[in-house]
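Quick look at entry_12.txt (compact mmCIF, C-alpha atoms and all ligand atoms):
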# COMPACT_ATOMS: atom_id res chain seq x y z
CA MET A 27 131.48 -4.10 -10.69
CA THR A 28 132.56 -2.51 -13.94
CA ASN A 29 130.43 0.23 -15.47
CA LEU A 30 129.49 -2.21 -18.22
CA ALA A 31 128.26 -4.83 -15.75
CA THR A 32 126.30 -2.19 -13.85
CA PHE A 33 124.77 -0.97 -17.10
CA ALA A 34 123.84 -4.53 -18.11
CA ALA A 35 122.35 -5.31 -14.70
CA GLY A 36 120.04 -2.29 -14.90
CA LEU A 37 118.62 -3.06 -18.35
CA PRO A 38 114.97 -4.13 -18.40
CA LYS A 39 114.95 -7.74 -19.57
CA ALA A 40 112.98 -10.94 -20.00
CA GLU A 41 113.99 -14.42 -18.92
CA LEU A 42 113.10 -17.16 -21.40
CA HIS A 43 114.91 -20.18 -19.98
CA LEU A 44 114.24 -20.87 -16.33
CA HIS A 45 113.21 -24.18 -14.78
CA ILE A 46 111.17 -23.27 -11.72
CA GLU A 47 112.32 -26.46 -9.97
CA GLY A 48 115.87 -25.23 -10.57
CA SER A 49 115.21 -22.10 -8.53
CA LEU A 50 114.83 -24.17 -5.34
CA GLU A 51 117.50 -22.69 -3.07
CA PRO A 52 118.98 -24.97 -0.39
CA GLU A 53 117.44 -22.90 2.41
CA GLN A 54 113.98 -23.36 0.90
CA MET A 55 114.70 -27.05 0.33
CA PHE A 56 115.27 -27.46 4.07
CA ALA A 57 112.19 -25.40 4.96
CA PHE A 58 109.93 -27.46 2.67
CA ALA A 59 111.52 -30.73 3.82
CA ARG A 60 110.83 -29.84 7.44
CA ARG A 61 107.22 -28.84 6.99
CA ASN A 62 106.41 -31.75 4.67
CA ALA A 63 108.37 -34.26 6.80
CA VAL A 64 110.51 -35.30 3.84
CA ALA A 65 113.96 -36.75 4.56
CA ILE A 66 116.82 -35.20 2.58
CA PRO A 67 120.31 -36.67 2.37
CA TYR A 68 122.14 -33.52 3.51
CA ALA A 69 123.14 -32.36 7.00
CA ASP A 70 122.90 -28.66 6.24
CA VAL A 71 122.83 -25.98 3.56
CA GLU A 72 126.61 -26.08 3.16
CA ALA A 73 126.46 -29.81 2.45
CA VAL A 74 123.84 -29.21 -0.23
CA ARG A 75 125.97 -26.56 -1.92
CA ALA A 76 129.02 -28.81 -1.70
CA ALA A 77 127.10 -31.49 -3.62
CA TYR A 78 126.58 -29.11 -6.54
CA ALA A 79 129.72 -30.08 -8.44
CA PHE A 80 128.78 -31.53 -11.78
CA ASN A 81 130.77 -33.10 -14.62
CA ASN A 82 127.87 -33.19 -17.05
CA LEU A 83 124.12 -32.74 -17.44
CA GLN A 84 123.22 -36.14 -15.96
CA ASP A 85 125.20 -35.48 -12.75
CA PHE A 86 123.10 -32.39 -12.28
CA LEU A 87 119.76 -33.97 -13.22
CA ASP A 88 120.18 -36.76 -10.65
CA ILE A 89 120.52 -34.20 -7.85
CA TYR A 90 117.91 -31.85 -9.28
CA TYR A 91 115.18 -34.51 -9.45
CA ALA A 92 116.02 -35.66 -5.92
CA GLY A 93 115.79 -32.05 -4.66
CA ALA A 94 112.34 -31.59 -6.19
CA ASP A 95 110.99 -34.30 -3.85
CA VAL A 96 110.47 -31.68 -1.11
CA LEU A 97 107.84 -29.92 -3.28
CA ARG A 98 104.50 -31.36 -2.19
CA THR A 99 101.74 -28.77 -1.86
CA GLU A 100 100.20 -25.92 -3.81
CA ALA A 101 101.69 -23.56 -1.21
CA ASP A 102 105.18 -24.98 -1.92
CA PHE A 103 104.88 -24.19 -5.63
CA ARG A 104 103.44 -20.76 -4.91
CA GLU A 105 106.29 -19.91 -2.51
CA LEU A 106 108.89 -21.37 -4.87
CA ALA A 107 107.60 -19.04 -7.58
CA ALA A 108 107.45 -16.09 -5.16
CA ALA A 109 111.13 -16.50 -4.26
CA TYR A 110 112.07 -16.61 -7.94
CA PHE A 111 110.02 -13.51 -8.73
CA ALA A 112 111.71 -11.59 -5.91
CA ARG A 113 115.02 -12.33 -7.67
CA CYS A 114 113.50 -11.20 -10.97
CA ALA A 115 112.47 -7.91 -9.39
CA ALA A 116 116.02 -7.37 -8.13
CA ASP A 117 117.46 -8.13 -11.58
CA GLN A 118 115.12 -5.93 -13.65
CA VAL A 119 113.49 -9.02 -15.15
CA VAL A 120 110.08 -7.63 -16.05
CA HIS A 121 108.78 -10.65 -17.96
CA THR A 122 109.53 -14.36 -17.66
CA GLU A 123 108.42 -17.56 -19.40
CA ILE A 124 108.76 -20.34 -16.86
CA PHE A 125 109.47 -24.01 -17.54
CA PHE A 126 107.98 -26.61 -15.26
CA ASP A 127 108.35 -30.40 -15.32
CA PRO A 128 104.98 -31.98 -14.43
CA GLN A 129 106.26 -35.55 -14.74
CA THR A 130 108.80 -34.97 -11.96
CA HIS A 131 105.85 -34.40 -9.66
CA THR A 132 103.08 -36.63 -11.02
CA ALA A 133 105.47 -39.60 -10.85
CA ARG A 134 105.58 -38.99 -7.07
CA GLY A 135 101.81 -38.82 -6.77
CA ILE A 136 101.52 -35.02 -6.78
CA PRO A 137 98.54 -34.08 -8.98
CA ILE A 138 99.39 -31.85 -11.94
CA GLY A 139 96.71 -29.41 -10.71
CA THR A 140 98.61 -28.89 -7.45
CA VAL A 141 101.69 -27.86 -9.44
CA ILE A 142 99.92 -25.63 -11.95
CA GLU A 143 97.54 -23.94 -9.49
CA GLY A 144 100.44 -23.19 -7.12
CA LEU A 145 102.54 -21.69 -9.91
CA LEU A 146 99.62 -19.68 -11.30
CA ALA A 147 98.96 -18.24 -7.84
CA GLY A 148 102.63 -17.23 -7.54
CA MET A 149 102.47 -15.65 -10.98
CA ALA A 150 99.38 -13.62 -10.07
CA ASP A 151 101.12 -12.48 -6.86
CA ALA A 152 104.15 -11.38 -8.90
CA GLN A 153 102.03 -9.37 -11.30
CA ALA A 154 100.30 -7.62 -8.38
CA GLU A 155 103.38 -7.09 -6.18
CA HIS A 156 106.16 -6.47 -8.70
CA GLY A 157 104.39 -5.76 -12.00
CA ILE A 158 106.19 -8.77 -13.51
CA SER A 159 104.34 -10.59 -16.31
CA SER A 160 104.89 -14.30 -16.83
CA SER A 161 103.68 -17.40 -18.60
CA LEU A 162 104.14 -21.15 -18.23
CA ILE A 163 105.84 -23.65 -20.53
CA LEU A 164 105.06 -27.30 -19.79
CA CYS A 165 108.17 -29.41 -20.42
CA PHE A 166 108.18 -33.08 -21.30
CA LEU A 167 110.99 -35.15 -19.80
CA ARG A 168 112.76 -36.64 -22.79
CA HIS A 169 114.20 -39.63 -20.91
CA LEU A 170 110.59 -40.83 -20.53
CA ASP A 171 108.57 -42.21 -23.43
CA GLU A 172 106.14 -40.69 -25.89
CA ALA A 173 103.09 -42.23 -24.19
CA ASP A 174 104.03 -40.54 -20.90
CA ALA A 175 104.36 -37.19 -22.70
CA PHE A 176 100.93 -37.64 -24.31
CA ALA A 177 99.41 -38.54 -20.92
CA THR A 178 100.95 -35.37 -19.45
CA LEU A 179 99.53 -33.19 -22.22
CA GLU A 180 96.14 -34.79 -21.65
CA ALA A 181 96.33 -34.26 -17.87
CA ALA A 182 97.13 -30.58 -18.47
CA ARG A 183 94.05 -30.02 -20.65
CA PRO A 184 91.97 -28.14 -18.04
CA TRP A 185 94.75 -25.54 -17.77
CA LEU A 186 95.84 -25.22 -21.40
CA ASP A 187 94.36 -21.75 -21.71
CA ARG A 188 96.85 -20.70 -19.01
CA ILE A 189 99.87 -22.39 -20.62
CA ALA A 190 101.82 -20.69 -23.41
CA GLY A 191 103.63 -23.66 -24.81
CA VAL A 192 105.40 -26.98 -24.44
CA GLY A 193 109.10 -27.68 -24.07
CA LEU A 194 111.48 -30.62 -24.01
CA ASP A 195 114.15 -31.09 -21.35
CA SER A 196 116.13 -33.63 -19.27
CA SER A 197 118.83 -36.03 -20.56
CA GLU A 198 119.58 -35.02 -24.14
CA GLN A 199 122.04 -37.62 -25.42
CA GLY A 200 120.20 -40.65 -26.77
CA HIS A 201 116.81 -38.93 -26.62
CA PRO A 202 116.51 -37.08 -29.92
CA PRO A 203 113.68 -34.67 -30.67
CA SER A 204 112.26 -37.18 -33.19
CA LYS A 205 111.01 -39.22 -30.21
CA PHE A 206 108.48 -36.45 -29.52
CA GLU A 207 107.46 -35.43 -33.03
CA ARG A 208 103.86 -36.60 -32.64
CA VAL A 209 103.26 -35.09 -29.22
CA PHE A 210 104.66 -31.74 -30.41
CA ALA A 211 102.33 -31.92 -33.42
CA ALA A 212 99.42 -32.52 -31.03
CA ALA A 213 100.52 -29.53 -28.94
CA ALA A 214 100.62 -27.40 -32.10
CA GLU A 215 97.07 -28.50 -32.92
CA LEU A 216 96.04 -27.27 -29.49
CA GLY A 217 97.50 -23.84 -30.30
CA LEU A 218 100.55 -24.16 -28.04
CA LYS A 219 103.97 -22.69 -28.79
CA ARG A 220 106.89 -25.10 -28.95
CA VAL A 221 110.42 -24.91 -27.60
CA ALA A 222 113.06 -27.59 -27.01
CA HIS A 223 116.45 -28.00 -25.41
CA ALA A 224 118.80 -28.95 -28.23
CA GLY A 225 122.51 -28.76 -28.79
CA GLU A 226 123.35 -28.44 -25.10
CA GLU A 227 125.18 -31.77 -25.03
CA GLY A 228 123.53 -33.30 -28.08
CA PRO A 229 124.85 -32.96 -31.65
CA PRO A 230 123.86 -30.32 -34.23
CA ALA A 231 121.59 -32.95 -35.85
CA TYR A 232 119.33 -32.73 -32.77
CA VAL A 233 118.98 -28.99 -33.39
CA THR A 234 117.98 -29.69 -36.99
CA GLU A 235 115.42 -32.24 -35.76
CA ALA A 236 114.00 -29.70 -33.29
CA LEU A 237 113.52 -27.29 -36.21
CA ASP A 238 112.24 -29.74 -38.81
CA LEU A 239 110.29 -32.26 -36.72
CA LEU A 240 109.20 -30.34 -33.63
CA LYS A 241 108.86 -27.05 -35.53
CA VAL A 242 110.09 -25.11 -32.53
CA ASP A 243 109.41 -21.41 -32.10
CA ARG A 244 112.54 -21.07 -29.95
CA LEU A 245 115.64 -23.11 -29.26
CA ASP A 246 116.94 -23.72 -25.74
CA HIS A 247 120.76 -23.60 -25.49
CA GLY A 248 121.72 -24.45 -29.08
CA ASN A 249 125.45 -24.19 -28.36
CA ARG A 250 126.52 -27.09 -30.53
CA SER A 251 124.83 -25.51 -33.57
CA LEU A 252 128.10 -23.61 -33.89
CA GLU A 253 129.75 -26.81 -35.14
CA ASP A 254 127.67 -26.64 -38.33
CA PRO A 255 128.05 -23.46 -40.42
CA LEU A 256 125.02 -24.25 -42.58
CA LEU A 257 122.88 -24.67 -39.49
CA VAL A 258 124.19 -21.39 -38.08
CA ALA A 259 123.28 -19.65 -41.34
CA ARG A 260 119.80 -21.16 -41.20
CA LEU A 261 119.26 -20.08 -37.59
CA ALA A 262 120.51 -16.57 -38.31
CA ARG A 263 118.46 -16.21 -41.48
CA SER A 264 115.25 -17.33 -39.78
CA GLY A 265 115.79 -15.12 -36.72
CA MET A 266 115.52 -18.12 -34.40
CA THR A 267 115.94 -17.15 -30.75
CA LEU A 268 118.50 -19.11 -28.74
CA THR A 269 118.04 -19.12 -24.97
CA VAL A 270 121.67 -19.29 -23.88
CA CYS A 271 122.68 -19.99 -20.27
CA PRO A 272 126.34 -19.09 -19.61
CA LEU A 273 126.69 -20.12 -15.93
CA SER A 274 124.78 -23.34 -16.61
CA ASN A 275 127.15 -24.10 -19.49
CA LEU A 276 130.06 -23.52 -17.15
CA LYS A 277 128.72 -25.69 -14.30
CA LEU A 278 127.74 -28.54 -16.65
CA CYS A 279 131.11 -28.43 -18.44
CA VAL A 280 129.59 -27.44 -21.80
CA VAL A 281 132.36 -24.82 -21.81
CA PRO A 282 135.72 -25.16 -20.00
CA ASP A 283 135.62 -21.62 -18.56
CA ILE A 284 133.49 -18.53 -18.86
CA ASP A 285 136.05 -16.78 -21.07
CA ALA A 286 135.56 -19.57 -23.61
CA HIS A 287 131.80 -19.12 -23.71
CA PRO A 288 130.67 -18.47 -27.31
CA ILE A 289 128.05 -15.80 -26.53
CA ASP A 290 130.13 -13.17 -28.35
CA ARG A 291 130.57 -15.45 -31.36
CA MET A 292 126.86 -16.14 -31.46
CA LEU A 293 126.12 -12.42 -31.66
CA ARG A 294 128.83 -11.82 -34.30
CA LEU A 295 127.32 -14.64 -36.39
CA GLY A 296 123.99 -12.85 -36.34
CA LEU A 297 122.22 -15.30 -34.02
CA ARG A 298 119.42 -13.95 -31.86
CA ALA A 299 120.96 -15.00 -28.57
CA THR A 300 119.55 -14.24 -25.14
CA ILE A 301 121.02 -14.67 -21.66
CA ASN A 302 119.22 -16.78 -19.06
CA SER A 303 119.84 -18.58 -15.78
CA ASP A 304 118.44 -22.12 -16.45
CA ASP A 305 118.61 -23.51 -12.88
CA PRO A 306 119.92 -20.60 -10.84
CA ALA A 307 119.93 -22.29 -7.42
CA TYR A 308 122.19 -25.01 -8.81
CA PHE A 309 124.43 -23.06 -11.17
CA GLY A 310 125.50 -20.10 -9.07
CA GLY A 311 123.26 -17.30 -10.10
CA TYR A 312 120.22 -15.58 -11.48
CA VAL A 313 119.94 -13.56 -14.68
CA ASN A 314 122.11 -10.66 -13.65
CA ASP A 315 124.80 -13.01 -12.34
CA ASN A 316 124.90 -14.39 -15.88
CA TYR A 317 125.04 -10.91 -17.43
CA ARG A 318 127.80 -9.95 -14.99
CA ALA A 319 129.80 -13.12 -15.67
CA VAL A 320 129.90 -12.48 -19.41
CA ALA A 321 130.54 -8.75 -18.86
CA ALA A 322 133.57 -9.67 -16.74
CA SER A 323 134.97 -11.79 -19.54
CA GLY A 324 135.35 -8.53 -21.46
CA ARG A 325 134.23 -9.60 -24.94
CA LEU A 326 130.89 -7.85 -25.12
CA THR A 327 130.21 -4.18 -25.73
CA ARG A 328 127.53 -1.93 -24.36
CA ASP A 329 125.64 -2.32 -27.65
CA ASP A 330 125.86 -6.10 -27.28
CA PHE A 331 124.12 -5.92 -23.91
CA VAL A 332 121.40 -3.73 -25.37
CA THR A 333 121.02 -6.31 -28.15
CA LEU A 334 120.81 -9.17 -25.63
CA ALA A 335 118.10 -7.39 -23.65
CA ARG A 336 116.21 -6.52 -26.85
CA ASN A 337 116.50 -10.14 -28.02
CA SER A 338 114.94 -11.35 -24.76
CA PHE A 339 111.72 -9.52 -25.65
CA LEU A 340 111.90 -10.17 -29.40
CA GLY A 341 112.18 -13.89 -28.64
CA SER A 342 109.37 -13.90 -26.08
CA PHE A 343 105.78 -14.96 -26.66
CA LEU A 344 104.50 -11.51 -25.73
CA SER A 345 102.20 -9.62 -28.09
CA ASP A 346 103.78 -7.20 -30.58
CA ALA A 347 102.41 -4.27 -28.57
CA ASP A 348 104.00 -5.53 -25.35
CA VAL A 349 107.30 -6.21 -27.10
CA ALA A 350 107.27 -2.66 -28.50
CA ARG A 351 106.59 -1.25 -25.02
CA HIS A 352 109.52 -3.16 -23.52
CA LEU A 353 111.87 -2.20 -26.36
CA ALA A 354 110.95 1.44 -25.76
CA ALA A 355 111.85 1.00 -22.08
CA ILE A 356 115.26 -0.36 -23.11
CA ASP A 357 115.81 2.65 -25.39
CA ALA A 358 114.83 5.00 -22.56
CA TYR A 359 117.19 3.23 -20.15
CA ALA A 360 120.07 3.36 -22.65
CA ALA A 361 119.44 7.06 -23.34
CA ALA A 362 119.43 7.80 -19.58
CA HIS A 363 122.73 5.92 -19.11
CA PRO A 364 125.00 7.24 -21.87
N1 LIG B 1 119.99 -27.48 -18.48
C1 LIG B 1 119.07 -28.44 -18.58
N2 LIG B 1 119.11 -29.28 -19.62
C2 LIG B 1 118.21 -30.25 -19.74
N3 LIG B 1 117.23 -30.45 -18.86
C3 LIG B 1 117.15 -29.64 -17.80
N4 LIG B 1 116.28 -29.61 -16.78
C4 LIG B 1 116.63 -28.60 -15.98
N5 LIG B 1 117.72 -27.99 -16.46
C5 LIG B 1 118.05 -28.61 -17.61
ZN ZN B 2 117.27 -25.75 -19.30
For this file, write the structure as structure tokens.
Ligand SMILES: Nc1ncnc2[nH]cnc12
Ligand SMILES: [Zn+2]
Amino acid sequence: MTNLATFAAGLPKAELHLHIEGSLEPEQMFAFARRNAVAIPYADVEAVRAAYAFNNLQDFLDIYYAGADVLRTEADFRELAAAYFARCAADQVVHTEIFFDPQTHTARGIPIGTVIEGLLAGMADAQAEHGISSSLILCFLRHLDEADAFATLEAARPWLDRIAGVGLDSSEQGHPPSKFERVFAAAAELGLKRVAHAGEEGPPAYVTEALDLLKVDRLDHGNRSLEDPLLVARLARSGMTLTVCPLSNLKLCVVPDIDAHPIDRMLRLGLRATINSDDPAYFGGYVNDNYRAVAASGRLTRDDFVTLARNSFLGSFLSDADVARHLAAIDAYAAAHP
């Protein structure tokens, strides 16, 4: 590892774009399948990993939703979260805002309470064991309809005081943010933050819709914003946080190779970019693997990595006091590693 990659790996950081279902490692998939007596179409762990070759987002989603079928009980969700938090601890991730997809589970007859209670238990364990703070972001699946999203928000009502915000994920092309304008407005009325995947595969116009119609507090991915200079200027001027996922972009063919990833351009354009893992079990790595991958491509400086870590807290939904505390920890780390 270069000195720069080692420096980046040691920075205290937050993760703002992580689908908990996407942290299901093949080993855990087999363990859950066995204990829940769920059949999976793979002979062994190697066969699972071999299947993780994707040409686009939909290729991945098909396998990802199938994999989630092994998640059945509160204990499964708690252990899934625990395994993710152990990786956070190893990567100096001290705060994380976790996406979960209730509809993937409720459609299979798993009550939303089973999912949320399991995740909340894992989050409490992580706070106690690792000192890692976390919150939940309930994502609507955009390939499903508005009524299904409203029903999901309604089903989540008993837990809304434990949920930081709502998000929008799944198949982007053909499912513009406008489809969910009313449910995002309802979420805003309930005091929830709003984020949305936009500009991963979809056009810059979807990013504009996420801003204007969904009134997002944060933008997930946002890569294709770079095709529209006026949009870039708007995002930079407003200090909008982009949760960028380099290894995901590579695995889903959003970029042809890691050296072509625009993370350096985003920073030079004044965008508040952050680095995240998205679905680490499927895309070849957790947060520090992403930091290391972009460090190895040699286009970012030490100051850029400090900026990326700072952005991860500035873009979080933490209180101002907590953000200030984490920024001070970054300064102390940088001063101790000249
Ligand atoms: N990268 C991604 N884009 C859209 N939906 C997702 N669900 C899980 N990962 C996703
Ligand atoms: Zn994502």
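For ligand LIG 1 (chain B), the neighbouring polymer residues at 6 Å or closer are His45, Asp195, Ser196, Ser197, Asp304 and Asp305 of chain A, only C-alpha atoms and all ligand atoms being used.
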Shortest contact to ligand ZN 2 (chain B), candidates A:Phe111, A:Phe126, A:Tyr232, A:Tyr78, atoms counted all atoms listed in the file, goes to A:Phe126
For range 29-43 of chain A, list every protein, DNA or RNA residue within 7 Å, evaluated using all atoms listed in the file, and leave out those in the same chain fewer than 3 positions away; present the list as a ChimeraX atom specification. /A:117-124,269,302-304,314,317-318,321,328,331,335,338-339,342,356,359
Please, could you write that set of residues out with C-alpha atoms as a PDB file, in the frame of the given file?
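That gives us result-v8.pdb:
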ATOM      1  CA  ASP A 117     117.460  -8.130 -11.580  1.00  0.00           C
ATOM      2  CA  GLN A 118     115.120  -5.930 -13.650  1.00  0.00           C
ATOM      3  CA  VAL A 119     113.490  -9.020 -15.150  1.00  0.00           C
ATOM      4  CA  VAL A 120     110.080  -7.630 -16.050  1.00  0.00           C
ATOM      5  CA  HIS A 121     108.780 -10.650 -17.960  1.00  0.00           C
ATOM      6  CA  THR A 122     109.530 -14.360 -17.660  1.00  0.00           C
ATOM      7  CA  GLU A 123     108.420 -17.560 -19.400  1.00  0.00           C
ATOM      8  CA  ILE A 124     108.760 -20.340 -16.860  1.00  0.00           C
ATOM      9  CA  THR A 269     118.040 -19.120 -24.970  1.00  0.00           C
ATOM     10  CA  ASN A 302     119.220 -16.780 -19.060  1.00  0.00           C
ATOM     11  CA  SER A 303     119.840 -18.580 -15.780  1.00  0.00           C
ATOM     12  CA  ASP A 304     118.440 -22.120 -16.450  1.00  0.00           C
ATOM     13  CA  ASN A 314     122.110 -10.660 -13.650  1.00  0.00           C
ATOM     14  CA  TYR A 317     125.040 -10.910 -17.430  1.00  0.00           C
ATOM     15  CA  ARG A 318     127.800  -9.950 -14.990  1.00  0.00           C
ATOM     16  CA  ALA A 321     130.540  -8.750 -18.860  1.00  0.00           C
ATOM     17  CA  ARG A 328     127.530  -1.930 -24.360  1.00  0.00           C
ATOM     18  CA  PHE A 331     124.120  -5.920 -23.910  1.00  0.00           C
ATOM     19  CA  ALA A 335     118.100  -7.390 -23.650  1.00  0.00           C
ATOM     20  CA  SER A 338     114.940 -11.350 -24.760  1.00  0.00           C
ATOM     21  CA  PHE A 339     111.720  -9.520 -25.650  1.00  0.00           C
ATOM     22  CA  SER A 342     109.370 -13.900 -26.080  1.00  0.00           C
ATOM     23  CA  ILE A 356     115.260  -0.360 -23.110  1.00  0.00           C
ATOM     24  CA  TYR A 359     117.190   3.230 -20.150  1.00  0.00           C
TER      25      TYR A 359
END
Using all atoms listed in the file, what table do you get, as a tab-separated table, when you list each residue of chain A with an atom no more than 12 Å from ligand ZN 2 (chain B), its nearest pair of atoms, and their distance in Å rounded to one decimal, rows by chain then rising number?
residue	atom	partner	partner_atom	distance
A:Glu41	CA	B:ZN2	ZN	11.8
A:Leu42	CA	B:ZN2	ZN	9.8
A:His43	CA	B:ZN2	ZN	6.1
A:Leu44	CA	B:ZN2	ZN	6.5
A:His45	CA	B:ZN2	ZN	6.3
A:Ile46	CA	B:ZN2	ZN	10.0
A:Glu47	CA	B:ZN2	ZN	10.6
A:Gly48	CA	B:ZN2	ZN	8.9
A:Ser49	CA	B:ZN2	ZN	11.6
A:Leu83	CA	B:ZN2	ZN	10.0
A:Phe86	CA	B:ZN2	ZN	11.3
A:Leu87	CA	B:ZN2	ZN	10.5
A:Tyr90	CA	B:ZN2	ZN	11.7
A:Ile124	CA	B:ZN2	ZN	10.4
A:Phe125	CA	B:ZN2	ZN	8.2
A:Phe126	CA	B:ZN2	ZN	10.2
A:Asp127	CA	B:ZN2	ZN	10.8
A:Ile163	CA	B:ZN2	ZN	11.7
A:Cys165	CA	B:ZN2	ZN	9.9
A:Phe166	CA	B:ZN2	ZN	11.8
A:Leu167	CA	B:ZN2	ZN	11.3
A:Gly193	CA	B:ZN2	ZN	9.7
A:Leu194	CA	B:ZN2	ZN	8.9
A:Asp195	CA	B:ZN2	ZN	6.5
A:Ser196	CA	B:ZN2	ZN	8.0
A:Ser197	CA	B:ZN2	ZN	10.5
A:Glu198	CA	B:ZN2	ZN	10.7
A:Val221	CA	B:ZN2	ZN	10.8
A:Ala222	CA	B:ZN2	ZN	9.0
A:His223	CA	B:ZN2	ZN	6.6
A:Ala224	CA	B:ZN2	ZN	9.6
A:Gly225	CA	B:ZN2	ZN	11.3
A:Glu226	CA	B:ZN2	ZN	8.8
A:Glu227	CA	B:ZN2	ZN	11.5
A:Leu245	CA	B:ZN2	ZN	10.4
A:Asp246	CA	B:ZN2	ZN	6.8
A:His247	CA	B:ZN2	ZN	7.4
A:Gly248	CA	B:ZN2	ZN	10.8
A:Leu268	CA	B:ZN2	ZN	11.6
A:Thr269	CA	B:ZN2	ZN	8.8
A:Val270	CA	B:ZN2	ZN	9.1
A:Cys271	CA	B:ZN2	ZN	8.0
A:Pro272	CA	B:ZN2	ZN	11.3
A:Leu273	CA	B:ZN2	ZN	11.5
A:Ser274	CA	B:ZN2	ZN	8.3
A:Asn275	CA	B:ZN2	ZN	10.0
A:Leu278	CA	B:ZN2	ZN	11.2
A:Ile301	CA	B:ZN2	ZN	11.9
A:Asn302	CA	B:ZN2	ZN	9.2
A:Ser303	CA	B:ZN2	ZN	8.4
A:Asp304	CA	B:ZN2	ZN	4.8
A:Asp305	CA	B:ZN2	ZN	6.9
A:Pro306	CA	B:ZN2	ZN	10.3
A:Tyr308	CA	B:ZN2	ZN	11.6
A:Phe309	CA	B:ZN2	ZN	11.2
One decimal place gives the CA of Met149 in chain A-CA of Thr267 in chain A separation as 24.0 Å
Any idea what the distance is between CA of Asn316 in chain A and CA of Val281 in chain A? 14.1 Å
Counting all atoms listed in the file, figure out which residue out of A:Ala354, A:Ile66, A:Val96, A:Leu297 gets nearest to Ser264 in chain A.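 The shortest atom-to-atom distance to Ser264 in chain A comes from A:Leu297.
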Kindly provide, as lines of an AutoDock Vina configuration file, the centre and edge lengths (Å, one decimal) of an axis-aligned box around all atoms of range 132-145 of chain A given in the file, with 4 Å on each side.
center_x = 101.1
center_y = -30.6
center_z = -9.4
size_x = 16.9
size_y = 25.9
size_z = 13.2
Could you work out how far CA of Gln153 in chain A lies from CA of Phe103 in chain A, giving the answer in Å with one decimal? 16.1 Å
Among A:Asn337, A:Asn249, A:Ser204, A:Asn81, Cys279 in chain A is approached most closely, using all atoms listed in the file, by A:Asn81
Which is closer to Leu237 in chain A than all the others in A:His131, A:Phe210, A:Glu215, A:Asp151, using only C-alpha atoms?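 For Leu237 in chain A, the nearest of the candidates is A:Phe210.
For the choices A:Ser159, A:Leu216, A:His201, A:Asp329, the atom-to-atom distance to Arg183 in chain A is smallest for A:Leu216 when using all atoms listed in the file.
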